[in-house]
Structures are given as structure tokens and as C-alpha cells.
$ cat structure.cif   # mmCIF, N, CA and C atoms
data_data
loop_
_atom_site.label_atom_id
_atom_site.label_comp_id
_atom_site.auth_asym_id
_atom_site.auth_seq_id
_atom_site.Cartn_x
_atom_site.Cartn_y
_atom_site.Cartn_z
N MET T 344 0.81 -1.17 0.00
CA MET T 344 0.00 0.00 0.00
C MET T 344 0.87 1.25 0.00
N GLU T 345 0.56 2.15 -0.88
CA GLU T 345 1.32 3.38 -1.00
C GLU T 345 0.64 4.49 -0.22
N GLN T 346 1.49 5.34 0.39
CA GLN T 346 0.97 6.53 1.11
C GLN T 346 1.37 7.78 0.35
N THR T 347 0.43 8.69 0.28
CA THR T 347 0.70 9.96 -0.39
C THR T 347 0.92 11.02 0.69
N VAL T 348 2.02 11.72 0.54
CA VAL T 348 2.35 12.79 1.49
C VAL T 348 2.14 14.12 0.78
N ARG T 349 1.34 14.97 1.40
CA ARG T 349 1.11 16.30 0.83
C ARG T 349 2.05 17.29 1.51
N LEU T 350 2.79 18.05 0.72
CA LEU T 350 3.76 18.99 1.26
C LEU T 350 3.14 20.34 1.59
N ASP T 351 1.99 20.66 1.10
CA ASP T 351 1.39 21.97 1.33
C ASP T 351 0.41 21.95 2.51
N ASN T 352 0.43 20.96 3.34
CA ASN T 352 -0.46 20.86 4.49
C ASN T 352 -0.24 21.95 5.52
N HIS T 353 1.00 22.37 5.68
CA HIS T 353 1.32 23.34 6.73
C HIS T 353 0.63 24.69 6.50
N SER T 354 0.31 25.04 5.27
CA SER T 354 -0.31 26.33 5.01
C SER T 354 -1.75 26.40 5.51
N LYS T 355 -2.37 25.30 5.75
CA LYS T 355 -3.75 25.30 6.22
C LYS T 355 -3.82 25.26 7.75
N ASN T 356 -2.71 25.07 8.40
CA ASN T 356 -2.70 24.94 9.85
C ASN T 356 -2.48 26.26 10.58
N GLY T 357 -2.22 27.36 9.90
CA GLY T 357 -1.98 28.65 10.54
C GLY T 357 -0.67 29.25 10.09
N PHE T 358 -0.21 30.23 10.88
CA PHE T 358 1.02 30.93 10.53
C PHE T 358 2.21 30.26 11.19
N THR T 359 3.35 30.36 10.54
CA THR T 359 4.57 29.85 11.16
C THR T 359 5.12 30.91 12.10
N LEU T 360 6.04 30.52 12.93
CA LEU T 360 6.66 31.44 13.88
C LEU T 360 7.37 32.58 13.15
N ILE T 361 8.03 32.29 12.07
CA ILE T 361 8.74 33.32 11.30
C ILE T 361 7.74 34.35 10.75
N GLU T 362 6.63 33.92 10.23
CA GLU T 362 5.62 34.84 9.71
C GLU T 362 5.06 35.75 10.80
N VAL T 363 4.83 35.20 11.97
CA VAL T 363 4.32 35.99 13.10
C VAL T 363 5.37 37.01 13.53
N LEU T 364 6.62 36.60 13.63
CA LEU T 364 7.69 37.51 14.05
C LEU T 364 7.88 38.64 13.03
N ILE T 365 7.81 38.33 11.76
CA ILE T 365 7.97 39.36 10.73
C ILE T 365 6.80 40.35 10.79
N SER T 366 5.59 39.88 10.98
CA SER T 366 4.44 40.79 11.06
C SER T 366 4.52 41.66 12.32
N ILE T 367 4.98 41.10 13.44
CA ILE T 367 5.16 41.90 14.66
C ILE T 367 6.24 42.96 14.45
N LEU T 368 7.32 42.60 13.79
CA LEU T 368 8.39 43.56 13.50
C LEU T 368 7.90 44.69 12.61
N LEU T 369 7.13 44.37 11.58
CA LEU T 369 6.58 45.41 10.70
C LEU T 369 5.62 46.33 11.46
N LEU T 370 4.79 45.75 12.31
CA LEU T 370 3.87 46.55 13.12
C LEU T 370 4.63 47.46 14.07
N LEU T 371 5.71 46.96 14.64
CA LEU T 371 6.54 47.77 15.55
C LEU T 371 7.19 48.94 14.80
N ILE T 372 7.71 48.69 13.62
CA ILE T 372 8.35 49.76 12.84
C ILE T 372 7.33 50.83 12.46
N ILE T 373 6.15 50.44 12.04
CA ILE T 373 5.10 51.40 11.69
C ILE T 373 4.66 52.19 12.92
N SER T 374 4.52 51.52 14.05
CA SER T 374 4.12 52.20 15.29
C SER T 374 5.16 53.22 15.74
N LEU T 375 6.43 52.86 15.65
CA LEU T 375 7.49 53.80 16.03
C LEU T 375 7.53 55.01 15.10
N ALA T 376 7.31 54.79 13.82
CA ALA T 376 7.28 55.91 12.88
C ALA T 376 6.12 56.85 13.19
N LEU T 377 4.96 56.30 13.50
CA LEU T 377 3.80 57.13 13.85
C LEU T 377 4.02 57.88 15.15
N LEU T 378 4.65 57.22 16.12
CA LEU T 378 4.93 57.88 17.40
C LEU T 378 5.90 59.04 17.21
N GLN T 379 6.93 58.84 16.41
CA GLN T 379 7.87 59.92 16.14
C GLN T 379 7.20 61.07 15.40
N ALA T 380 6.34 60.77 14.46
CA ALA T 380 5.63 61.83 13.73
C ALA T 380 4.71 62.60 14.67
N MET T 381 4.05 61.92 15.59
CA MET T 381 3.17 62.60 16.54
C MET T 381 3.98 63.53 17.44
N GLY T 382 5.14 63.07 17.90
CA GLY T 382 6.00 63.92 18.71
C GLY T 382 6.44 65.16 17.97
N TYR T 383 6.80 65.01 16.71
CA TYR T 383 7.20 66.14 15.88
C TYR T 383 6.06 67.15 15.75
N PHE T 384 4.85 66.65 15.52
CA PHE T 384 3.71 67.55 15.33
C PHE T 384 3.31 68.23 16.64
N VAL T 385 3.51 67.58 17.77
CA VAL T 385 3.24 68.23 19.06
C VAL T 385 4.22 69.37 19.28
N ILE T 386 5.49 69.16 18.96
CA ILE T 386 6.50 70.21 19.12
C ILE T 386 6.18 71.38 18.20
N LYS T 387 5.86 71.11 16.95
CA LYS T 387 5.54 72.18 16.00
C LYS T 387 4.27 72.94 16.41
N SER T 388 3.30 72.22 16.92
CA SER T 388 2.07 72.86 17.38
C SER T 388 2.35 73.80 18.55
N THR T 389 3.19 73.36 19.49
CA THR T 389 3.55 74.21 20.62
C THR T 389 4.32 75.43 20.15
N GLU T 390 5.25 75.25 19.21
CA GLU T 390 5.99 76.39 18.66
C GLU T 390 5.03 77.39 18.03
N ASN T 391 4.07 76.91 17.27
CA ASN T 391 3.09 77.80 16.64
C ASN T 391 2.24 78.53 17.67
N ASN T 392 1.80 77.82 18.70
CA ASN T 392 1.01 78.45 19.77
C ASN T 392 1.80 79.53 20.49
N LEU T 393 3.08 79.27 20.76
CA LEU T 393 3.92 80.28 21.43
C LEU T 393 4.14 81.49 20.53
N ARG T 394 4.39 81.26 19.26
CA ARG T 394 4.57 82.37 18.33
C ARG T 394 3.29 83.20 18.22
N ASN T 395 2.15 82.53 18.13
CA ASN T 395 0.88 83.25 18.06
C ASN T 395 0.63 84.05 19.33
N GLU T 396 1.01 83.51 20.48
CA GLU T 396 0.83 84.24 21.74
C GLU T 396 1.77 85.45 21.79
N ALA T 397 3.00 85.31 21.28
CA ALA T 397 3.93 86.44 21.23
C ALA T 397 3.38 87.55 20.33
N ILE T 398 2.79 87.17 19.20
CA ILE T 398 2.18 88.15 18.30
C ILE T 398 1.03 88.85 19.00
N LYS T 399 0.22 88.09 19.69
CA LYS T 399 -0.93 88.66 20.41
C LYS T 399 -0.46 89.63 21.49
N ILE T 400 0.57 89.27 22.24
CA ILE T 400 1.10 90.15 23.29
C ILE T 400 1.63 91.44 22.66
N ALA T 401 2.38 91.33 21.56
CA ALA T 401 2.93 92.52 20.90
C ALA T 401 1.81 93.43 20.39
N GLN T 402 0.77 92.86 19.83
CA GLN T 402 -0.34 93.66 19.32
C GLN T 402 -1.10 94.34 20.47
N GLU T 403 -1.30 93.63 21.58
CA GLU T 403 -1.95 94.23 22.74
C GLU T 403 -1.12 95.38 23.29
N CYS T 404 0.20 95.19 23.34
CA CYS T 404 1.09 96.26 23.82
C CYS T 404 1.05 97.46 22.87
N ALA T 405 1.03 97.20 21.58
CA ALA T 405 0.99 98.30 20.61
C ALA T 405 -0.28 99.12 20.80
N GLU T 406 -1.41 98.47 21.03
CA GLU T 406 -2.66 99.19 21.25
C GLU T 406 -2.59 100.04 22.52
N LYS T 407 -2.02 99.50 23.58
CA LYS T 407 -1.91 100.27 24.83
C LYS T 407 -0.97 101.46 24.65
N ILE T 408 0.14 101.23 23.96
CA ILE T 408 1.11 102.31 23.75
C ILE T 408 0.52 103.39 22.86
N ARG T 409 -0.30 103.02 21.89
CA ARG T 409 -0.95 104.02 21.03
C ARG T 409 -1.87 104.93 21.84
N HIS T 410 -2.35 104.41 22.97
CA HIS T 410 -3.17 105.23 23.88
C HIS T 410 -2.32 105.84 25.00
N LEU T 411 -1.00 105.79 24.80
CA LEU T 411 -0.01 106.34 25.73
C LEU T 411 -0.10 105.70 27.13
N ASP T 412 -0.47 104.43 27.17
CA ASP T 412 -0.50 103.67 28.43
C ASP T 412 0.69 102.72 28.46
N GLN T 413 1.00 102.25 29.65
CA GLN T 413 2.05 101.25 29.80
C GLN T 413 1.51 99.88 29.40
N CYS T 414 2.31 99.14 28.71
CA CYS T 414 1.94 97.78 28.33
C CYS T 414 1.96 96.87 29.55
N ILE T 415 2.96 97.08 30.40
CA ILE T 415 3.10 96.32 31.64
C ILE T 415 2.81 97.29 32.77
N PRO T 416 1.72 97.09 33.52
CA PRO T 416 1.34 98.04 34.57
C PRO T 416 2.46 98.26 35.59
N GLY T 417 2.68 99.52 35.92
CA GLY T 417 3.69 99.87 36.91
C GLY T 417 5.12 99.80 36.41
N ALA T 418 5.31 99.60 35.12
CA ALA T 418 6.66 99.49 34.57
C ALA T 418 7.33 100.84 34.54
N THR T 419 8.63 100.85 34.78
CA THR T 419 9.42 102.07 34.73
C THR T 419 10.66 101.82 33.90
N GLY T 420 11.39 102.90 33.67
CA GLY T 420 12.63 102.79 32.91
C GLY T 420 12.39 103.05 31.44
N ASN T 421 13.48 103.24 30.75
CA ASN T 421 13.40 103.44 29.32
C ASN T 421 14.62 102.79 28.67
N PRO T 422 14.52 101.77 27.90
CA PRO T 422 13.28 101.10 27.52
C PRO T 422 12.72 100.25 28.67
N VAL T 423 11.44 100.02 28.61
CA VAL T 423 10.78 99.19 29.60
C VAL T 423 11.08 97.73 29.27
N ASN T 424 11.44 96.97 30.29
CA ASN T 424 11.75 95.56 30.14
C ASN T 424 10.96 94.81 31.20
N GLY T 425 9.92 94.10 30.82
CA GLY T 425 9.07 93.40 31.78
C GLY T 425 8.71 92.01 31.30
N THR T 426 8.07 91.27 32.18
CA THR T 426 7.70 89.89 31.88
C THR T 426 6.20 89.70 31.98
N ILE T 427 5.66 88.99 31.03
CA ILE T 427 4.25 88.62 31.02
C ILE T 427 4.20 87.09 30.99
N THR T 428 3.40 86.51 31.86
CA THR T 428 3.26 85.05 31.90
C THR T 428 1.88 84.67 31.37
N ARG T 429 1.87 83.71 30.47
CA ARG T 429 0.61 83.23 29.90
C ARG T 429 0.56 81.71 30.01
N LYS T 430 -0.65 81.22 30.22
CA LYS T 430 -0.86 79.77 30.27
C LYS T 430 -1.25 79.29 28.88
N ILE T 431 -0.48 78.35 28.36
CA ILE T 431 -0.76 77.76 27.06
C ILE T 431 -0.83 76.25 27.28
N GLY T 432 -1.99 75.70 27.04
CA GLY T 432 -2.18 74.28 27.35
C GLY T 432 -2.16 74.09 28.85
N ASN T 433 -1.29 73.22 29.32
CA ASN T 433 -1.17 72.96 30.75
C ASN T 433 0.08 73.59 31.35
N ALA T 434 0.79 74.41 30.60
CA ALA T 434 2.05 74.97 31.06
C ALA T 434 2.01 76.50 31.04
N ASN T 435 2.78 77.10 31.93
CA ASN T 435 2.94 78.56 31.96
C ASN T 435 4.22 78.92 31.22
N TYR T 436 4.14 79.92 30.38
CA TYR T 436 5.30 80.39 29.63
C TYR T 436 5.50 81.87 29.92
N SER T 437 6.76 82.27 30.03
CA SER T 437 7.11 83.67 30.30
C SER T 437 7.57 84.33 29.00
N PHE T 438 7.04 85.52 28.78
CA PHE T 438 7.39 86.32 27.61
C PHE T 438 8.00 87.61 28.13
N THR T 439 9.19 87.95 27.67
CA THR T 439 9.84 89.20 28.02
C THR T 439 9.46 90.24 26.97
N VAL T 440 8.97 91.38 27.45
CA VAL T 440 8.51 92.44 26.55
C VAL T 440 9.41 93.66 26.75
N ILE T 441 9.94 94.18 25.66
CA ILE T 441 10.81 95.35 25.68
C ILE T 441 10.21 96.40 24.75
N TYR T 442 10.01 97.60 25.27
CA TYR T 442 9.43 98.67 24.45
C TYR T 442 9.84 100.02 25.02
N THR T 443 9.63 101.07 24.24
CA THR T 443 9.94 102.43 24.65
C THR T 443 8.84 102.92 25.59
N ASN T 444 9.24 103.53 26.68
CA ASN T 444 8.29 104.05 27.66
C ASN T 444 7.49 105.18 27.04
N PRO T 445 6.16 105.10 27.04
CA PRO T 445 5.34 106.17 26.45
C PRO T 445 5.50 107.51 27.15
N ASN T 446 5.95 107.52 28.41
CA ASN T 446 6.16 108.78 29.13
C ASN T 446 7.32 109.58 28.55
N SER T 447 8.17 108.93 27.77
CA SER T 447 9.33 109.62 27.21
C SER T 447 9.10 110.10 25.78
N PHE T 448 7.89 109.98 25.27
CA PHE T 448 7.60 110.39 23.90
C PHE T 448 7.65 111.90 23.75
N ASN T 449 8.14 112.35 22.59
CA ASN T 449 8.13 113.76 22.24
C ASN T 449 6.82 114.09 21.53
N SER T 450 6.55 115.37 21.39
CA SER T 450 5.37 115.77 20.63
C SER T 450 5.56 115.38 19.17
N GLY T 451 4.49 114.93 18.55
CA GLY T 451 4.56 114.52 17.16
C GLY T 451 4.64 113.00 17.05
N ASN T 452 5.20 112.54 15.93
CA ASN T 452 5.29 111.10 15.69
C ASN T 452 6.46 110.49 16.43
N ASN T 453 6.23 109.36 17.05
CA ASN T 453 7.27 108.61 17.76
C ASN T 453 7.25 107.17 17.23
N HIS T 454 8.39 106.72 16.76
CA HIS T 454 8.50 105.34 16.27
C HIS T 454 8.81 104.44 17.45
N VAL T 455 8.01 103.39 17.60
CA VAL T 455 8.14 102.49 18.74
C VAL T 455 8.36 101.07 18.24
N SER T 456 9.33 100.41 18.82
CA SER T 456 9.59 99.00 18.53
C SER T 456 9.23 98.19 19.77
N ILE T 457 8.42 97.18 19.59
CA ILE T 457 8.03 96.30 20.68
C ILE T 457 8.62 94.93 20.38
N ILE T 458 9.43 94.43 21.30
CA ILE T 458 10.08 93.14 21.13
C ILE T 458 9.52 92.18 22.18
N VAL T 459 9.08 91.03 21.73
CA VAL T 459 8.60 89.99 22.64
C VAL T 459 9.54 88.79 22.48
N LYS T 460 10.13 88.36 23.60
CA LYS T 460 11.08 87.24 23.58
C LYS T 460 10.54 86.11 24.44
N TYR T 461 10.82 84.89 24.01
CA TYR T 461 10.46 83.72 24.80
C TYR T 461 11.43 82.59 24.46
N ASN T 462 11.54 81.65 25.38
CA ASN T 462 12.42 80.50 25.19
C ASN T 462 11.58 79.24 25.03
N TYR T 463 11.98 78.42 24.09
CA TYR T 463 11.34 77.12 23.91
C TYR T 463 12.38 76.12 23.43
N ARG T 464 12.49 75.03 24.13
CA ARG T 464 13.44 73.96 23.81
C ARG T 464 14.87 74.46 23.73
N GLY T 465 15.24 75.36 24.65
CA GLY T 465 16.60 75.85 24.74
C GLY T 465 16.97 76.91 23.73
N LYS T 466 16.03 77.37 22.93
CA LYS T 466 16.30 78.42 21.95
C LYS T 466 15.48 79.65 22.28
N GLU T 467 16.10 80.83 22.09
CA GLU T 467 15.38 82.08 22.29
C GLU T 467 14.72 82.49 20.98
N HIS T 468 13.46 82.84 21.07
CA HIS T 468 12.70 83.29 19.91
C HIS T 468 12.28 84.74 20.15
N ASN T 469 12.26 85.54 19.08
CA ASN T 469 11.89 86.95 19.17
C ASN T 469 10.78 87.25 18.18
N TYR T 470 9.91 88.15 18.59
CA TYR T 470 8.93 88.72 17.68
C TYR T 470 9.00 90.23 17.85
N ASN T 471 9.12 90.95 16.75
CA ASN T 471 9.30 92.39 16.80
C ASN T 471 8.18 93.06 15.99
N ILE T 472 7.59 94.08 16.57
CA ILE T 472 6.57 94.85 15.86
C ILE T 472 6.96 96.33 15.99
N VAL T 473 6.81 97.06 14.91
CA VAL T 473 7.15 98.49 14.88
C VAL T 473 5.89 99.26 14.57
N THR T 474 5.66 100.32 15.31
CA THR T 474 4.49 101.16 15.10
C THR T 474 4.87 102.62 15.31
N THR T 475 3.99 103.51 14.90
CA THR T 475 4.20 104.94 15.10
C THR T 475 3.08 105.46 15.99
N VAL T 476 3.48 106.23 16.99
CA VAL T 476 2.53 106.78 17.95
C VAL T 476 2.62 108.31 17.88
N TYR T 477 1.47 108.93 17.77
CA TYR T 477 1.44 110.40 17.73
C TYR T 477 1.08 110.92 19.12
N LYS T 478 1.89 111.86 19.59
CA LYS T 478 1.61 112.51 20.88
C LYS T 478 1.47 113.99 20.62
N GLU T 479 0.40 114.57 21.18
CA GLU T 479 0.17 116.01 20.99
C GLU T 479 1.05 116.82 21.89
#
$ encode --input "structure.cif" --output "C-alpha cells"
Amino acid sequence: MEQTVRLDNHSKNGFTLIEVLISILLLLIISLALLQAMGYFVIKSTENNLRNEAIKIAQECAEKIRHLDQCIPGATGNPVNGTITRKIGNANYSFTVIYTNPNSFNSGNNHVSIIVKYNYRGKEHNYNIVTTVYKE
């Protein structure tokens, strides 16, 4: 009596150990790539939020200075150098604001530069806005 041996039987019994290990490795590589991309986008999003907040602070200061008010209450000196703290997400960030004291303006047009500085990830970032203020 002859016996017939089928060589393709193993394919119907499931996956081999090598196939499982290769699929786990591919899943791990894809997961790590997605995790790294998410980290990159979180950093970029925070950078954008900080830059937008610096722009907002500079614009608020420009409006106050146009009305000959201090941007930072009780600030003295010329130029004025003060700190504003804002909460962004779950963290507090400090922004240093430097501008010309409105009390030192001459009659007529006065050119004012407002600089907002902040640190993120060990680097200092600056935002500068220039405006003209008329004093009678």
C-alpha cells in the first residue's frame, strides 16, 4: 500500500513562527514611525502656539502704547523691560517684553519698537513689531 504525502499541508494549519515575528516587527516599525511623527507635530504645534501668543502680546502692547499707556502696569525705565506670563495648554510660559516708555515720547510722531522674547526647547525666539505713535 502506497501513502501519499502532501507537502502543502502546513499552510492550512496557521502561521509559522517566522511569519508571526515578521508581522510583529513590521507593526513595531510602523508604530514607532507614527509615534515619532506625533512627537514632531506636538513640538511644531507648541511652537506655533507660542509664536501666536507672542504676536498677540505685541499687538496688545501696541494698542496700549498708542493710547499712551504702559503695556506692563507699573513698569518704569526706558526702555521698559518686563515679563508677562501666559498659560498655554497645561504649562505657563514667560514672555519678556521690551518697548519704549510712552512717558518719554516727544510731541509729534514717535516710532516704537516692541520686542517679545520667549524660550522654547533651549532656543530664544523673538517677535518684533514696529508702530508709530502720535503725541500732541
$ atom_distance --input "structure.cif" --atom1 "CA of Glu479 (chain T)" --atom2 "CA of Ser450 (chain T)"
5.2 Å
$ resolve_selection --input "structure.cif" --expression "the PyMOL selection byres (((chain T and resi 437 and name CA) around 6) and name CA)" --output "list in words"
Ile427, Thr428, Tyr436 and Phe438 of chain T
$ select_by_dssp --input "structure.cif" --residues "region 350-471 of chain T" --states "alpha helix (DSSP H)" --output "JSON, numbers by chain"
{"T": [360, 361, 362, 363, 364, 365, 366, 367, 368, 369, 370, 371, 372, 373, 374, 375, 376, 377, 378, 379, 380, 381, 382, 383, 384, 385, 386, 387, 388, 389, 390, 391, 392, 393, 394, 395, 396, 397, 398, 399, 400, 401, 402, 403, 404, 405, 406, 407, 408, 409]}
$ atom_distance --input "structure.cif" --atom1 "CA of Tyr461 (chain T)" --atom2 "CA of Leu378 (chain T)"
27.4 Å
$ residues_around --input "structure.cif" --residues "Ile408 (chain T)" --least-positions-apart "2" --cutoff "8 Å" --atoms "only N, CA and C atoms" --output "list in words"
Gln402, Glu403, Cys404, Ala405, Glu406, His410, Leu411, Asp412, Gln413, Cys414, Thr443, Asn444, Pro445, Thr475, Val476 and Tyr477 of chain T
$ atom_distance --input "structure.cif" --atom1 "CA of Asn424 (chain T)" --atom2 "CA of Val440 (chain T)"
5.8 Å
$ select_by_dssp --input "structure.cif" --residues "chain T" --states "strand (DSSP E)" --output "number ranges by chain"
T: 423-431, 434-442, 451-463, 466-478
$ closest_residue --input "structure.cif" --among "T:Lys478, T:Ile372, T:Ile367, T:Glu390" --to "Tyr463 (chain T)" --atoms "only N, CA and C atoms"
T:Glu390
$ resolve_selection --input "structure.cif" --expression "the PyMOL selection byres ((chain T and resi 441) around 6)" --output "list in words"
Val423, Asn424, Gly425, Thr439, Val440, Tyr442, Thr443, Ser456, Ile457, Ile458 and Val459 of chain T
$ write_last_selection --input "structure.cif" --atoms "N, CA and C atoms" --output "PDB file, in the coordinates of the input"
ATOM      1  N   VAL T 423      11.440 100.020  28.610  1.00  0.00           N
ATOM      2  CA  VAL T 423      10.780  99.190  29.600  1.00  0.00           C
ATOM      3  C   VAL T 423      11.080  97.730  29.270  1.00  0.00           C
ATOM      4  N   ASN T 424      11.440  96.970  30.290  1.00  0.00           N
ATOM      5  CA  ASN T 424      11.750  95.560  30.140  1.00  0.00           C
ATOM      6  C   ASN T 424      10.960  94.810  31.200  1.00  0.00           C
ATOM      7  N   GLY T 425       9.920  94.100  30.820  1.00  0.00           N
ATOM      8  CA  GLY T 425       9.070  93.400  31.780  1.00  0.00           C
ATOM      9  C   GLY T 425       8.710  92.010  31.300  1.00  0.00           C
ATOM     10  N   THR T 439       9.190  87.950  27.670  1.00  0.00           N
ATOM     11  CA  THR T 439       9.840  89.200  28.020  1.00  0.00           C
ATOM     12  C   THR T 439       9.460  90.240  26.970  1.00  0.00           C
ATOM     13  N   VAL T 440       8.970  91.380  27.450  1.00  0.00           N
ATOM     14  CA  VAL T 440       8.510  92.440  26.550  1.00  0.00           C
ATOM     15  C   VAL T 440       9.410  93.660  26.750  1.00  0.00           C
ATOM     16  N   TYR T 442      10.010  97.600  25.270  1.00  0.00           N
ATOM     17  CA  TYR T 442       9.430  98.670  24.450  1.00  0.00           C
ATOM     18  C   TYR T 442       9.840 100.020  25.020  1.00  0.00           C
ATOM     19  N   THR T 443       9.630 101.070  24.240  1.00  0.00           N
ATOM     20  CA  THR T 443       9.940 102.430  24.650  1.00  0.00           C
ATOM     21  C   THR T 443       8.840 102.920  25.590  1.00  0.00           C
ATOM     22  N   SER T 456       9.330 100.410  18.820  1.00  0.00           N
ATOM     23  CA  SER T 456       9.590  99.000  18.530  1.00  0.00           C
ATOM     24  C   SER T 456       9.230  98.190  19.770  1.00  0.00           C
ATOM     25  N   ILE T 457       8.420  97.180  19.590  1.00  0.00           N
ATOM     26  CA  ILE T 457       8.030  96.300  20.680  1.00  0.00           C
ATOM     27  C   ILE T 457       8.620  94.930  20.380  1.00  0.00           C
ATOM     28  N   ILE T 458       9.430  94.430  21.300  1.00  0.00           N
ATOM     29  CA  ILE T 458      10.080  93.140  21.130  1.00  0.00           C
ATOM     30  C   ILE T 458       9.520  92.180  22.180  1.00  0.00           C
ATOM     31  N   VAL T 459       9.080  91.030  21.730  1.00  0.00           N
ATOM     32  CA  VAL T 459       8.600  89.990  22.640  1.00  0.00           C
ATOM     33  C   VAL T 459       9.540  88.790  22.480  1.00  0.00           C
TER      34      VAL T 459
END
$ closest_residue --input "structure.cif" --among "T:Asn421, T:Gln379, T:Thr389, T:Asn395" --to "Asn469 (chain T)" --atoms "only C-alpha atoms"
T:Asn395
$ decode --input "structure.cif" --residues "region 390-408 of chain T" --atoms "C-alpha atoms" --output "compact mmCIF listing (two decimals), in the first residue's frame"
# COMPACT_ATOMS: atom_id res chain seq x y z
CA GLU T 390 5.99 76.39 18.66
CA ASN T 391 3.09 77.80 16.64
CA ASN T 392 1.01 78.45 19.77
CA LEU T 393 3.92 80.28 21.43
CA ARG T 394 4.57 82.37 18.33
CA ASN T 395 0.88 83.25 18.06
CA GLU T 396 0.83 84.24 21.74
CA ALA T 397 3.93 86.44 21.23
CA ILE T 398 2.18 88.15 18.30
CA LYS T 399 -0.93 88.66 20.41
CA ILE T 400 1.10 90.15 23.29
CA ALA T 401 2.93 92.52 20.90
CA GLN T 402 -0.34 93.66 19.32
CA GLU T 403 -1.95 94.23 22.74
CA CYS T 404 1.09 96.26 23.82
CA ALA T 405 0.99 98.30 20.61
CA GLU T 406 -2.66 99.19 21.25
CA LYS T 407 -1.91 100.27 24.83
CA ILE T 408 1.11 102.31 23.75
